[in-house]
Amino acid sequence: MRMSGLPTLCLGVLMLAVPARVQLRAQVTGRVRVVSAADRAPIIGAELRDSVGQVIARSDAEGLVRWPVGREVRSVRALGFRMFMLRGSERDSVLALEPLPTVLPGFTTTVGQRVIRAAESPRTVTVLDRRDIDAAAAVSANQLLRQIPGLQEIASPPARTSISIRGFSDARVLVLVDGEPIPGTLTDSRDIGRLSTLSAERIEVTKGPSAVEFGSDAIGGVINLVQAAPTKRFTMDGTARMGELGRQEANAGVSHTLGRFGYRVNAGWRQMDQVTGVNASGSTLNRVYDGRLDLRYAVSERLNLRLDLQGTQERQRWPVDGLFNGFIDNIGGQGFVEGTYRGLGGVWRARSFAQRFAYQYKQAQGLVPIAGSGDSLEQRERLSRTLLAYSRVLGRHTIDAGFQFSARALAAPAKVDGDSLTDRVREVYVRDAFSLGRSHWTLGVRHTDGTLWGAATNPSFGTRVQLSDRVSVQANLARGFRAPGFKDIRYTFTNVSGGYEIIGNTDLRPESSWSRSLGASWAASTAFGVDVEWYHTAVDDLIDTRFQSIGASGLQTFANVNIARARTQGVEVTLRGLVAGTEWSVGYDHLSARDLEFNVPLSRRASHTARARLSRLWDIRQGLTTDVTARYTGAAPLVSSGSLDGSEPPRITAEQGAMLSVDLQFRQALTRTWELSAGVNNALNQRPALWTPAFDRQAFAALRWRFQQQD
């Protein structure tokens with residue numbers, strides 16, 4: 001791969017206003033750690049200055065600051081922070097800086113799997129932590145993500161669902177677990193309902209293109225589920241939940257850190273008599289088993305090793321007609337080994353990742369599939385990736401650079417020529433993040449080269465400026481892309497019962513996009529804040545299906561083609577606050593999503609989405625937590641596929657009805673180890689016209705046990 005075509009990053013930016021200094025009068029011996037008082041996480045690039053304002057030193061990626069012994073520290077400054085606390089001994093003291101009201105808690109993953117504060121990103125980042133997951137009683141990610149304004153759940157009948165971010169869904173939203181893609185991407189069998197929250201610490205939702213950080217498919221945004229690390233103390237927990245519509249769940253886990261070695265083991269099972277996209281009962285079923293093993297070992301202060309393994313088995317069953325049931329069986333496994341080394345002036349990270357996934361469709365006249373029935377030829381996909389990344393703090397700059405190589409293979413008998421396909425992808429990236437006065441800047445570029453479809457170079461540029469302690473603004477300009485998938489290029493899909501087939505197109509070009517956003521945050525006080533953002537994304541060469549002809553077999557034939565242009569734009573507003581011990585938030589997103597080739601809306605994209613939530617912890621017994629969430633999804637047009645020659649353009653054929661869903665839950669701590677919870681989803685039992693997901697009202701109850709060893 002040639003490197004000479006990469007753009008050169010320009011690091012010269014004008015100095016903006018300088019924030020007020022925080023005074024510290026103490027003789028130190030040359031080393032302190034700078035952290036946030038809110039989460040105790042390290043702060044990168046914090047400046048320690050002497051009595052005349054000269055910078056003595058800056059903190060590194062671990063928050064450590066070292067400087068010549070004997071210098072007197074008079075001020076400590078870090079963008080987004082205003083106060084500090086000095087703790088510990090002089091040699092190993094800790095400076096804890098208080099975040100400004102506009103700096104919300106939360107972290108997000110960037111290039112090379114480096115974690116930064118969400119407030120340092122020029123994009124809108126929503127971080128859902130374990131409290132949010134528990135408040136929604138969500139065991140699969142779609143149950144939680146569909147509540148966020150700007151995100152919509154879009155089903156792909158018969159048995160999978162995707163999340164649309166600002167109008168883009170399915171293959172244009174990158175879904176990851178610990179920075180690695182979920183199984184099923186090569187066969188377009190990615191199903192966010194398969195994504196378990198069993199051992200999740202948080203879910204990061206980045207809105208807008210993130211090609212520099214993650215590469216292809218991140219046109220709409222990125223969903224990254226970050227799994228929890230081993231606990232410091234020995235911990236065991238388990239949950240059992242039952243509810244209407246056949247809801248049954250059980251999970252258990254154990255975690256501990258012994259000296260330098262830590263481990264976490266989780267396993268779970270869940271099922272429901274519903275399949276997304278099918279409004280039916282009786283023979284409908286969705287069952288998932290999954291497990292995860294995480295091992296971590298600190299070889300030394302500089303070298304850390306990690307092994308992560310996880311697997312999933314899923315069965316989905318639904319009625320095809322009056323006689324037959326359809327079955328999809330999925331089995332997936334993936335894992336990585338990783339080493340992190342602190343040395344040679346920075347942090348090195350090497351990761352090797354492997355994934356396997358098998359998909360099989362069968363039919364039956366009863367509740368058990370018949371061997372050899374339906375399209376029972378198993379499809380298998382393999383993915384392996386190797387990443388080498390380096391991060392270093394150079395003065396006020398934090399530089400990230402890396403190289404990634406991926407090998408992909410798909411075996412699909414009778415679906416592709418020769419029954420299999422392979423692809424090799426090479427990627428290189430560089431990114432610079434730096435602060436100047438009250439502003440934080442990011443510049444980056446990633447070059448991607450694939451043997452099956454070609455190459456793409458994607459830059460990004462963004463800034464976040466702290467105008468005052470209570471007001472900040474952000475802006476971002478980024479290019480994204482989506483490489484044509486195996487199914488787009490060389491795959492033939494036939495649905496005899498549906499009367500159609502879709503054929504691949506080897507002449508497809510990568511989709512490309514430019515995205516712009518401008519936002520502001522105002523924290524009137526610690527009890528009230530407002531976030532506003534305008535966004536605009538324009539896509540060229542969008543890949544879509546178009547009617548081609550009636551084949552010799554009588555089936556309608558559709559082809560994948562690059563249509564001219566599409567655009568999504570809108571405004572997002574979030575209000576949040578704390579009143580009398582009750583946390584509340586209200587969010588709203590207005591979206592305009594259009595196919596500019598034929599001047600029609602994008603199908604199933606609602607113009608209005610909103611969410612309101614109330615949460616409170618009551619001083620009753622060991623503690624009672626109540627959560628109320630209302631989400632609104634406006635009406636959305638249903639648009640047909642046009643013909644390949646343009647003689648029959650896409651047109652609006654119907655309208656999906658609006659929906660207001662209200663979810664209620666309480667969690668009561670019975671003892672220090674036992675917790676009882678109960679709730680109801682879609683309490684109003686709304687079933688709008690032409691909704692493809694099933695949204696029946698569902699009451700549920702759960703019992704959780706958690707034991708943690710005390711000191």
# chains A, B, ... in the order shown; residues from 1 in each chain; ligands from 1
$ residues_around --residues "Gln656 (chain A)" --least-positions-apart "6" --cutoff "12 Å" --atoms "only C-alpha atoms" --output "ChimeraX atom specification"
/A:154,603-607,633-639,687-693
$ write_last_selection --atoms "C-alpha atoms" --output "PDB file, in the first residue's frame"
ATOM      1  CA  ILE A 154     -35.914  -0.476  11.681  1.00  0.00           C
ATOM      2  CA  SER A 603     -38.416   4.895   3.603  1.00  0.00           C
ATOM      3  CA  ARG A 604     -39.460   4.452   7.261  1.00  0.00           C
ATOM      4  CA  ARG A 605     -37.531   7.514   8.473  1.00  0.00           C
ATOM      5  CA  ALA A 606     -39.711   9.464  10.907  1.00  0.00           C
ATOM      6  CA  SER A 607     -39.276  13.228  10.907  1.00  0.00           C
ATOM      7  CA  THR A 633     -41.700   8.162  17.038  1.00  0.00           C
ATOM      8  CA  GLY A 634     -43.626  10.160  14.477  1.00  0.00           C
ATOM      9  CA  ALA A 635     -45.336   8.888  11.351  1.00  0.00           C
ATOM     10  CA  ALA A 636     -43.005   7.802   8.544  1.00  0.00           C
ATOM     11  CA  PRO A 637     -43.526   7.253   4.799  1.00  0.00           C
ATOM     12  CA  LEU A 638     -43.164   3.827   3.186  1.00  0.00           C
ATOM     13  CA  VAL A 639     -41.392   4.168  -0.178  1.00  0.00           C
ATOM     14  CA  ARG A 687     -49.709  -0.887  17.871  1.00  0.00           C
ATOM     15  CA  PRO A 688     -49.465   1.680  15.070  1.00  0.00           C
ATOM     16  CA  ALA A 689     -50.380   0.785  11.516  1.00  0.00           C
ATOM     17  CA  LEU A 690     -47.682  -0.856   9.370  1.00  0.00           C
ATOM     18  CA  TRP A 691     -45.038  -1.090  12.111  1.00  0.00           C
ATOM     19  CA  THR A 692     -42.759  -3.997  11.254  1.00  0.00           C
ATOM     20  CA  PRO A 693     -41.361  -4.530  14.785  1.00  0.00           C
TER      21      PRO A 693
END
$ residues_around --residues "Glu153 (chain A)" --least-positions-apart "4" --cutoff "8 Å" --atoms "only C-alpha atoms" --output "JSON, numbers by chain"
{"A": [142, 146, 161, 162, 163, 164]}
$ write_last_selection --atoms "N, CA and C atoms" --output "PDB file, in the first residue's frame"
ATOM      1  N   ASN A 142     -30.932  -3.273  21.271  1.00  0.00           N
ATOM      2  CA  ASN A 142     -31.986  -2.531  20.573  1.00  0.00           C
ATOM      3  C   ASN A 142     -33.057  -2.027  21.530  1.00  0.00           C
ATOM      4  N   ARG A 146     -33.262   2.230  20.989  1.00  0.00           N
ATOM      5  CA  ARG A 146     -34.413   2.824  20.306  1.00  0.00           C
ATOM      6  C   ARG A 146     -35.043   3.960  21.096  1.00  0.00           C
ATOM      7  N   THR A 161     -33.163  -6.843  13.195  1.00  0.00           N
ATOM      8  CA  THR A 161     -33.454  -5.429  13.363  1.00  0.00           C
ATOM      9  C   THR A 161     -32.159  -4.638  13.339  1.00  0.00           C
ATOM     10  N   SER A 162     -32.245  -3.406  12.858  1.00  0.00           N
ATOM     11  CA  SER A 162     -31.102  -2.512  12.863  1.00  0.00           C
ATOM     12  C   SER A 162     -31.523  -1.196  13.501  1.00  0.00           C
ATOM     13  N   ILE A 163     -30.527  -0.387  13.839  1.00  0.00           N
ATOM     14  CA  ILE A 163     -30.774   0.926  14.419  1.00  0.00           C
ATOM     15  C   ILE A 163     -30.342   1.988  13.419  1.00  0.00           C
ATOM     16  N   SER A 164     -31.258   2.889  13.105  1.00  0.00           N
ATOM     17  CA  SER A 164     -30.952   4.016  12.231  1.00  0.00           C
ATOM     18  C   SER A 164     -30.453   5.179  13.080  1.00  0.00           C
TER      19      SER A 164
END
$ closest_atom_pairs --of "region 340-441 of chain A" --to "region 314-318 of chain A" --cutoff "12 Å" --atoms "only C-alpha atoms" --output "JSON lines"
{"residue": "A:Phe357", "atom": "CA", "partner": "A:Glu314", "partner_atom": "CA", "distance": 11.2}
{"residue": "A:Ala358", "atom": "CA", "partner": "A:Glu314", "partner_atom": "CA", "distance": 10.5}
{"residue": "A:Tyr359", "atom": "CA", "partner": "A:Glu314", "partner_atom": "CA", "distance": 9.8}
{"residue": "A:Gln360", "atom": "CA", "partner": "A:Arg315", "partner_atom": "CA", "distance": 9.8}
{"residue": "A:Tyr361", "atom": "CA", "partner": "A:Gln316", "partner_atom": "CA", "distance": 9.6}
{"residue": "A:Lys362", "atom": "CA", "partner": "A:Arg317", "partner_atom": "CA", "distance": 9.6}
{"residue": "A:Gln363", "atom": "CA", "partner": "A:Arg317", "partner_atom": "CA", "distance": 9.0}
{"residue": "A:Ala364", "atom": "CA", "partner": "A:Arg317", "partner_atom": "CA", "distance": 9.7}
{"residue": "A:Gln365", "atom": "CA", "partner": "A:Trp318", "partner_atom": "CA", "distance": 11.2}
{"residue": "A:Gly366", "atom": "CA", "partner": "A:Arg317", "partner_atom": "CA", "distance": 10.4}
{"residue": "A:Leu367", "atom": "CA", "partner": "A:Arg317", "partner_atom": "CA", "distance": 8.2}
{"residue": "A:Val368", "atom": "CA", "partner": "A:Arg317", "partner_atom": "CA", "distance": 9.3}
{"residue": "A:Pro369", "atom": "CA", "partner": "A:Arg317", "partner_atom": "CA", "distance": 9.2}
$ write_last_selection --atoms "C-alpha atoms" --output "compact mmCIF listing (two decimals), in the first residue's frame"
# COMPACT_ATOMS: atom_id res chain seq x y z
CA PHE A 357 -20.16 -16.96 12.05
CA ALA A 358 -22.53 -19.55 10.56
CA TYR A 359 -26.05 -18.87 9.21
CA GLN A 360 -28.62 -21.49 8.18
CA TYR A 361 -32.26 -21.24 7.11
CA LYS A 362 -34.66 -24.19 7.37
CA GLN A 363 -38.41 -24.83 7.41
CA ALA A 364 -40.80 -27.15 9.24
CA GLN A 365 -44.49 -27.98 9.49
CA GLY A 366 -44.17 -28.00 13.26
CA LEU A 367 -41.92 -26.58 15.97
CA VAL A 368 -38.75 -28.44 14.94
CA PRO A 369 -36.86 -27.73 11.70
$ residues_around --residues "Leu555 (chain A)" --least-positions-apart "5" --cutoff "6 Å" --atoms "only C-alpha atoms" --output "list in words"
Gly499, Tyr500 and Ile550 of chain A
$ write_last_selection --atoms "C-alpha atoms" --output "compact mmCIF listing (two decimals), in the first residue's frame"
# COMPACT_ATOMS: atom_id res chain seq x y z
CA GLY A 499 -41.53 -13.91 -5.91
CA TYR A 500 -38.24 -12.03 -6.29
CA ILE A 550 -39.13 -10.27 -14.86
$ residues_around --residues "region 440-450 of chain A" --least-positions-apart "3" --cutoff "6 Å" --atoms "only C-alpha atoms" --output "CSV table (one decimal) with N, CA and C atoms, in the first residue's frame"
chain,number,residue,atom,x,y,z
A,212,VAL,N,-12.2,8.1,10.3
A,212,VAL,CA,-10.9,8.1,10.8
A,212,VAL,C,-10.7,7.2,12.0
A,424,ARG,N,-9.1,-8.7,1.1
A,424,ARG,CA,-8.0,-8.2,2.0
A,424,ARG,C,-8.1,-6.7,2.1
A,425,VAL,N,-8.1,-6.2,3.3
A,425,VAL,CA,-8.2,-4.7,3.5
A,425,VAL,C,-7.0,-4.2,4.4
A,426,ARG,N,-6.4,-3.2,3.9
A,426,ARG,CA,-5.3,-2.6,4.6
A,426,ARG,C,-5.6,-1.1,4.9
A,427,GLU,N,-5.4,-0.7,6.2
A,427,GLU,CA,-5.7,0.6,6.6
A,427,GLU,C,-4.6,1.3,7.4
A,428,VAL,N,-4.4,2.6,7.2
A,428,VAL,CA,-3.4,3.3,8.0
A,428,VAL,C,-4.1,4.6,8.4
A,429,TYR,N,-3.8,5.1,9.6
A,429,TYR,CA,-4.4,6.3,10.1
A,429,TYR,C,-3.5,7.1,10.9
A,430,VAL,N,-3.7,8.4,11.0
A,430,VAL,CA,-3.0,9.3,11.9
A,430,VAL,C,-4.0,10.4,12.4
A,431,ARG,N,-3.9,10.7,13.7
A,431,ARG,CA,-4.8,11.7,14.3
A,431,ARG,C,-4.1,12.5,15.3
A,432,ASP,N,-4.4,13.8,15.4
A,432,ASP,CA,-3.8,14.7,16.3
A,432,ASP,C,-4.9,15.4,17.1
A,433,ALA,N,-4.8,15.4,18.4
A,433,ALA,CA,-5.7,16.1,19.3
A,433,ALA,C,-4.9,17.0,20.2
A,434,PHE,N,-5.3,18.3,20.2
A,434,PHE,CA,-4.5,19.2,21.0
A,434,PHE,C,-5.4,20.4,21.5
A,435,SER,N,-4.9,21.0,22.6
A,435,SER,CA,-5.6,22.1,23.2
A,435,SER,C,-4.9,23.4,23.0
A,453,TRP,N,-12.8,-3.9,-3.9
A,453,TRP,CA,-13.6,-2.8,-4.3
A,453,TRP,C,-12.7,-1.5,-4.5
A,454,GLY,N,-11.5,-1.5,-4.1
A,454,GLY,CA,-10.7,-0.3,-4.4
A,454,GLY,C,-10.2,0.4,-3.1
A,455,ALA,N,-10.1,1.7,-3.2
A,455,ALA,CA,-9.5,2.5,-2.1
A,455,ALA,C,-10.3,3.7,-1.7
A,456,ALA,N,-10.1,4.2,-0.5
A,456,ALA,CA,-10.8,5.5,-0.1
A,456,ALA,C,-9.9,6.1,1.0
A,457,THR,N,-9.8,7.5,0.9
A,457,THR,CA,-9.1,8.3,1.9
A,457,THR,C,-10.1,9.3,2.5
A,458,ASN,N,-10.1,9.3,3.8
A,458,ASN,CA,-11.2,10.0,4.5
A,458,ASN,C,-10.5,10.9,5.7
A,459,PRO,N,-10.6,12.2,5.6
A,459,PRO,CA,-10.2,13.1,6.6
A,459,PRO,C,-11.3,13.5,7.5
A,460,SER,N,-10.9,14.1,8.7
A,460,SER,CA,-11.9,14.7,9.6
A,460,SER,C,-11.2,15.9,10.3
A,461,PHE,N,-12.0,16.8,10.7
A,461,PHE,CA,-11.5,18.0,11.4
A,461,PHE,C,-12.6,18.5,12.4
A,462,GLY,N,-12.3,18.8,13.6
A,462,GLY,CA,-13.3,19.2,14.6
A,462,GLY,C,-12.7,20.0,15.7
A,463,THR,N,-13.5,20.8,16.3
A,463,THR,CA,-13.1,21.6,17.5
A,463,THR,C,-14.2,21.7,18.5
A,464,ARG,N,-13.8,21.9,19.7
A,464,ARG,CA,-14.7,22.2,20.8
A,464,ARG,C,-14.1,23.3,21.6
$ select_by_dssp --residues "region 115-333 of chain A" --states "strand (DSSP E or B)" --output "PyMOL selection string"
chain A and resi 115-117+124-129+140+151-156+160-165+168+173-177+180-181+196+200-207+221-227+235-243+247-258+261-272+275+278+285-298+303-319+325-333
$ residues_around --residues "Leu394 (chain A)" --least-positions-apart "6" --cutoff "10 Å" --atoms "only C-alpha atoms" --output "list in words"
Gly45, Arg58, Asp60, Gly345, Gly346 and Phe434 of chain A
$ write_last_selection --atoms "C-alpha atoms" --output "PDB file, in the first residue's frame"
ATOM      1  CA  GLY A  45      -2.358  17.343  28.682  1.00  0.00           C
ATOM      2  CA  ARG A  58       2.192  18.433  30.936  1.00  0.00           C
ATOM      3  CA  ASP A  60       0.884  12.118  29.767  1.00  0.00           C
ATOM      4  CA  GLY A 345       7.814   7.788  24.720  1.00  0.00           C
ATOM      5  CA  GLY A 346       4.242   6.552  24.348  1.00  0.00           C
ATOM      6  CA  PHE A 434      -4.483  19.228  20.999  1.00  0.00           C
TER       7      PHE A 434
END
$ closest_residue --among "A:Glu511, A:Asp619, A:Glu378, A:Glu572" --to "His536 (chain A)" --atoms "only C-alpha atoms"
A:Glu572
$ closest_residue --among "A:Leu436, A:Val73, A:Ala136, A:Leu410" --to "Val662 (chain A)" --atoms "only C-alpha atoms"
A:Ala136
$ residues_around --residues "Pro649 (chain A)" --least-positions-apart "5" --cutoff "7 Å" --atoms "only C-alpha atoms" --output "PyMOL selection string"
chain A and resi 598+642-643
$ select_by_dssp --residues "region 122-367 of chain A" --states "helix (DSSP H, G or I)" --output "JSON, numbers by chain"
{"A": [130, 131, 132, 133, 134, 135, 141, 142, 143, 144, 145, 170, 171, 172, 192, 193, 194, 211, 212, 213, 214]}
$ closest_residue --among "A:Ser439, A:Phe486, A:Ser472, A:Val628" --to "Asp188 (chain A)" --atoms "only C-alpha atoms"
A:Phe486
$ residues_around --residues "Thr239 (chain A)" --least-positions-apart "6" --cutoff "9 Å" --atoms "only C-alpha atoms" --output "list in words"
Glu249, Ala250, Asn251, Ala252, Ala702, Leu703, Arg704, Trp705 and Arg706 of chain A
$ closest_residue --among "A:Trp269, A:Phe261, A:Phe214, A:Tyr289" --to "Gly402 (chain A)" --atoms "only C-alpha atoms"
A:Phe214
$ closest_atom_pairs --of "region 41-154 of chain A" --to "region 587-596 of chain A" --cutoff "9 Å" --atoms "only C-alpha atoms" --output "tab-separated table"
residue	atom	partner	partner_atom	distance
A:Ile148	CA	A:Gly587	CA	7.8
A:Pro149	CA	A:Asp589	CA	5.5
A:Gly150	CA	A:Asp589	CA	5.3
A:Leu151	CA	A:Asp589	CA	8.9
$ write_last_selection --atoms "C-alpha atoms" --output "compact mmCIF listing (two decimals), in the first residue's frame"
# COMPACT_ATOMS: atom_id res chain seq x y z
CA ILE A 148 -32.55 7.79 22.09
CA PRO A 149 -33.78 10.72 19.97
CA GLY A 150 -32.29 10.54 16.48
CA LEU A 151 -32.15 6.73 16.68
